[in-house]
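Undergrad: Dropping a structure here in structure tokens format, bear with me for questions.
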Amino acid sequence: MQSKVIVITGSSSGVGLTLANYFHEKGHQVFGLSRTAKGQEKFKHIPTDVSDKENVQRTFQQILSETNNQIDVLINNAGIGMLGAVEDATKADIERLLDVNVYGTIYTMQEVLPVMRKQGFGYILNVSSIASNNGLPFRGYYSASKAMIDRLIESTRLENRNTGIEITTLNFGDIKTNIAEGRVKTFVSKFYQAKYDAMVADIDHEVEDGTPPEDLIPIIEGIMNQKGLKPHYYIGKSMQKFSVTLKNILPQKMFENIIAKYSKLD
């Protein structure tokens, strides 16, 4: 792969750190954006809060000044999880999630789209989730935030059709990361407590048993070498990817019953 200017958000740990270090070692000019550095970065780290529009603007001005106004790839990886019943969430809980998962993605795309249109090329890869296809119990707001990204990317692709910019989502299944450390966790009311506690234990086990971030490298690198990208790429274990197909082919009620049984709600 020819040397590229690559910007990766959420680069302090997990998928973002793994990708940023890998692409740096491959000879690309990598800028990792996160609020703090943890000392494992081999690439250039720029302290950035992606939920702060003015902070994002300053960061991209710095990047453009150091790269002769060139950005080849943006990987929007910054994101946080959220657990809790829809009924129990506060406005502050919801806003904290949307600030990172939705507004952070919007702000970075707003900075790179004009640059890439002027170049006539570029890749924008937005990390979403297989969970965006389902309203999962106790993960409703997280699923909704990722579904919003999916729809925004579909619109952005159409609005930038024939510009040379490749825009897609990477809809991950469970990835073995420390996502649990930064989750928004709402107050849980008595009605939901027992089911919630059982569900959280299962969710944490699935993350611990998830796909290692290193396994994503060849998949993402391959996508960055393609033209005519699809709107969405589903990446993860076979059953998680198959759930997308199941929802499309099964009657709605039948699929809901499967999710309820899998989630131990009956």
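In the structure tokens, chains take letters A, B, ... by order of appearance, with residues numbered from 1 within each chain and ligands from 1 in the order shown.
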May I have the residues within 12 Å of Gln57 (chain A) as a list in words, using only C-alpha atoms and disregarding those fewer than 2 positions away in the same chain?

TA: Thr48, Asp49, Val50, Ser51, Asp52, Lys53, Glu54, Asn55, Thr59, Phe60, Gln61, Gln62, Ile63, Leu64, Gly104, Ile106, Tyr107, Thr108, Met109, Gln110, Glu111 and Val112 of chain A

Undergrad: List as a list of chain:residue names the protein and nucleic acid residues near Lys4 (chain A), meaning an atom at most 10 Å away when only C-alpha atoms are counted, but skip any in the same chain fewer than 4 places from it.

TA: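 Counting only the stated atoms, we get A:Phe23, A:His24, A:Lys26, A:Gly27, A:His28, A:Gln29, A:Val30, A:Gln70, A:Ile71, A:Asp72, A:Val73, A:Gly122.
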
Undergrad: Quick one: everything within 10 Å of region 220-224 of chain A, counting only C-alpha atoms, minus sequence neighbours fewer than 3 positions away in the same chain. Send it as a ChimeraX atom specification.

TA: /A:1,19,23,72-73,75,122-125,166,168,170,215-217,227-230,233,235

Undergrad: Those same residues - C-alpha atoms - I'd like them written as a compact mmCIF listing (two decimals), in the first residue's frame.

TA:
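Saved result, part.txt, follows:
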# COMPACT_ATOMS: atom_id res chain seq x y z
CA MET A 1 0.00 0.00 0.00
CA LEU A 19 -4.62 -0.05 13.96
CA PHE A 23 -0.21 1.50 10.07
CA ASP A 72 -6.21 10.00 2.76
CA VAL A 73 -8.04 7.95 5.40
CA ILE A 75 -11.11 5.91 10.71
CA GLY A 122 -10.24 9.49 0.28
CA TYR A 123 -11.60 6.83 2.61
CA ILE A 124 -13.90 7.38 5.59
CA LEU A 125 -14.40 4.24 7.67
CA GLU A 166 -15.21 5.96 -0.33
CA THR A 168 -18.62 3.01 4.73
CA LEU A 170 -17.43 -1.25 9.87
CA ASP A 215 -7.59 -10.02 13.67
CA LEU A 216 -9.26 -6.92 12.25
CA ILE A 217 -6.08 -5.58 10.63
CA LYS A 227 -12.93 0.75 -4.78
CA GLY A 228 -16.70 0.88 -4.85
CA LEU A 229 -17.16 0.05 -1.18
CA LYS A 230 -20.47 -1.23 0.12
CA TYR A 233 -19.31 -4.33 6.31
CA ILE A 235 -17.23 -8.04 10.90

Undergrad: Taking 2 positions as the minimum chain separation for residues in the same chain, which residues sit within 12 Å of Asn162 (chain A) when counting only C-alpha atoms? Answer as a list of chain:residue names.

TA: A:Arg117, A:Gly120, A:Phe121, A:Gly122, A:Thr156, A:Arg157, A:Leu158, A:Glu159, A:Asn160, A:Gly164, A:Ile165, A:Glu166, A:Ile167, A:Lys227, A:Gly228
